[in-house]
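See structure below.
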Amino acid sequence: MAVQQLDAHKIKADVWLLSGRYDEATTLSTEPWFKHNPRVWWITFENSSHMAHWEERERYIEVTGAFLPSTTP
C-alpha cells in the first residue's frame, strides 16, 4: 500500500531519509513528505547523487551505524 503524501505525518516509526546533493530527487520534491514528522533523520550526502551507499561508502556506513541502534526499542 502506497503512503499518500497527506498521510505521511501519521508514520510512527523512525524514518531514515537520505539524499545526495546531486540527486535527481531534489529536496524540493522530498521535503513535503516528512517536513512535519519529528521522527525523521534527514541526511544529505554532499558528494553524492542517488547512490550514496556507493559514492560515499564510508560515510554511509557511519550514518547507518548511528541510525540503527536508535531504532531499537
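Note on naming: chains are A, B, ... as they come in the C-alpha cells, residues start from 1 per chain, ligands start from 1 in the order shown.
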Which residues, written as a compact mmCIF listing (two decimals) with C-alpha atoms, in the first residue's frame, have at least one atom at most 9 Å from Ala8 of chain A, with only C-alpha atoms counted and residues fewer than 6 positions away on the same chain left out?
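File written: result_6.txt
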```txt
# COMPACT_ATOMS: atom_id res chain seq x y z
CA PRO A 32 6.95 17.80 1.82
CA TRP A 33 6.72 14.11 2.70
CA PHE A 34 8.40 14.41 6.08
CA HIS A 36 6.25 17.79 9.89
CA ASN A 37 7.40 14.40 11.14
```
Contact residues around Asn47 of chain A with only C-alpha atoms at 8 Å, ignoring same-chain residues under 5 positions, as an NGL selection string: :A and (20-22 or 55-56)
Please produce a file of the residues just selected, as a short mmCIF file (atom, residue, chain, number, x, y, z; two decimals), in the first residue's frame, where the atoms kept are N, CA and C atoms.
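Result written to again.cif:
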```
data_model
loop_
_atom_site.label_atom_id
_atom_site.label_comp_id
_atom_site.auth_asym_id
_atom_site.auth_seq_id
_atom_site.Cartn_x
_atom_site.Cartn_y
_atom_site.Cartn_z
N GLY A 20 21.31 12.66 -1.85
CA GLY A 20 22.59 13.17 -2.30
C GLY A 20 22.43 14.59 -2.80
N ARG A 21 23.43 15.40 -2.61
CA ARG A 21 23.38 16.80 -3.05
C ARG A 21 23.03 16.89 -4.54
N TYR A 22 23.48 15.93 -5.32
CA TYR A 22 23.26 15.96 -6.77
C TYR A 22 22.21 14.96 -7.22
N GLU A 55 28.78 5.93 -3.59
CA GLU A 55 29.61 7.11 -3.82
C GLU A 55 30.31 7.62 -2.56
N GLU A 56 29.69 7.43 -1.41
CA GLU A 56 30.30 7.84 -0.14
C GLU A 56 30.15 6.69 0.86
#
```
So that I can see what lies close to Tyr60 of chain A, please list as a short mmCIF file (atom, residue, chain, number, x, y, z; two decimals) with N, CA and C atoms, in the first residue's frame the residues with an atom at most 12 Å from it, counting only C-alpha atoms and leaving out residues fewer than 4 positions away in the same chain.
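That gives us part_28.cif:
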```cif
data_model
loop_
_atom_site.label_atom_id
_atom_site.label_comp_id
_atom_site.auth_asym_id
_atom_site.auth_seq_id
_atom_site.Cartn_x
_atom_site.Cartn_y
_atom_site.Cartn_z
N TRP A 16 14.34 7.14 8.01
CA TRP A 16 15.70 7.45 7.57
C TRP A 16 15.60 7.96 6.15
N LEU A 18 17.53 9.70 3.16
CA LEU A 18 18.86 10.00 2.64
C LEU A 18 18.72 10.67 1.28
N SER A 19 19.56 11.65 1.05
CA SER A 19 19.58 12.25 -0.28
C SER A 19 20.99 12.72 -0.58
N GLY A 20 21.31 12.66 -1.85
CA GLY A 20 22.59 13.17 -2.30
C GLY A 20 22.43 14.59 -2.80
N ILE A 43 19.51 12.96 6.18
CA ILE A 43 20.95 13.09 5.96
C ILE A 43 21.20 13.40 4.49
N THR A 44 21.97 14.44 4.24
CA THR A 44 22.35 14.78 2.88
C THR A 44 23.82 14.42 2.69
N PHE A 45 24.09 13.70 1.65
CA PHE A 45 25.46 13.34 1.29
C PHE A 45 25.95 14.36 0.27
N GLU A 46 26.92 15.15 0.69
CA GLU A 46 27.37 16.30 -0.10
C GLU A 46 28.06 15.94 -1.41
N ASN A 47 28.62 14.76 -1.50
CA ASN A 47 29.37 14.37 -2.70
C ASN A 47 28.73 13.22 -3.45
N SER A 48 27.40 13.14 -3.39
CA SER A 48 26.70 12.01 -4.00
C SER A 48 25.53 12.47 -4.84
N MET A 51 23.22 7.49 -5.35
CA MET A 51 23.80 6.24 -4.86
C MET A 51 24.85 6.48 -3.77
N ALA A 52 24.42 7.14 -2.72
CA ALA A 52 25.34 7.47 -1.63
C ALA A 52 26.00 6.22 -1.04
N HIS A 53 25.29 5.11 -1.03
CA HIS A 53 25.86 3.87 -0.49
C HIS A 53 27.08 3.43 -1.30
N TRP A 54 27.18 3.88 -2.52
CA TRP A 54 28.33 3.55 -3.37
C TRP A 54 29.31 4.72 -3.44
N GLU A 55 28.78 5.93 -3.59
CA GLU A 55 29.61 7.11 -3.82
C GLU A 55 30.31 7.62 -2.56
N GLU A 56 29.69 7.43 -1.41
CA GLU A 56 30.30 7.84 -0.14
C GLU A 56 30.15 6.69 0.86
N THR A 64 24.65 4.89 8.99
CA THR A 64 23.84 3.70 9.21
C THR A 64 24.09 3.18 10.63
N GLY A 65 25.34 3.17 11.03
CA GLY A 65 25.69 2.72 12.37
C GLY A 65 25.11 3.59 13.46
N ALA A 66 24.93 4.87 13.17
CA ALA A 66 24.33 5.78 14.15
C ALA A 66 22.81 5.64 14.19
N PHE A 67 22.21 5.39 13.04
CA PHE A 67 20.74 5.33 12.96
C PHE A 67 20.18 4.02 13.52
#
```
Between atom CA of Thr26 of chain A and atom CA of Ala13 of chain A, distance in Å (one decimal):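 Going from atom CA of Thr26 of chain A over to atom CA of Ala13 of chain A, I get 23.1 Å.
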Atom pair atom CA of Glu24 of chain A / atom CA of Arg59 of chain A: separation (Å):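 Here the two named atoms are 20.2 Å from each other.
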Strand (DSSP E) call set, DSSP backbone run, chain A, as a ChimeraX atom specification: /A:15-20,40-45
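Between Val63 of chain A and the residues A:His50, A:Ala25, A:Leu17, A:Glu31, the shortest atom-to-atom distance, using only C-alpha atoms, involves A:Leu17.
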Which of chain A DSSP labels alpha helix (DSSP H), written as a list in words: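 These are the residues in question: Thr27, Leu28, Ser29, Thr30, Glu31, Pro32, Trp33, Phe34, Ala52, His53, Trp54, Glu55, Arg57, Glu58, Arg59, Tyr60, Ile61, Glu62, Val63, Thr64, Gly65, Ala66, Phe67, Leu68, Pro69 and Ser70 of chain A.
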Between atom CA of Val15 of chain A and atom CA of Lys35 of chain A, distance in Å (one decimal):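 These atoms are spaced 11.6 Å apart.
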Nearest-residue call for Lys10 of chain A, choices A:Arg57, A:Arg39, A:Leu28, A:Ser49, using only C-alpha atoms: A:Arg39
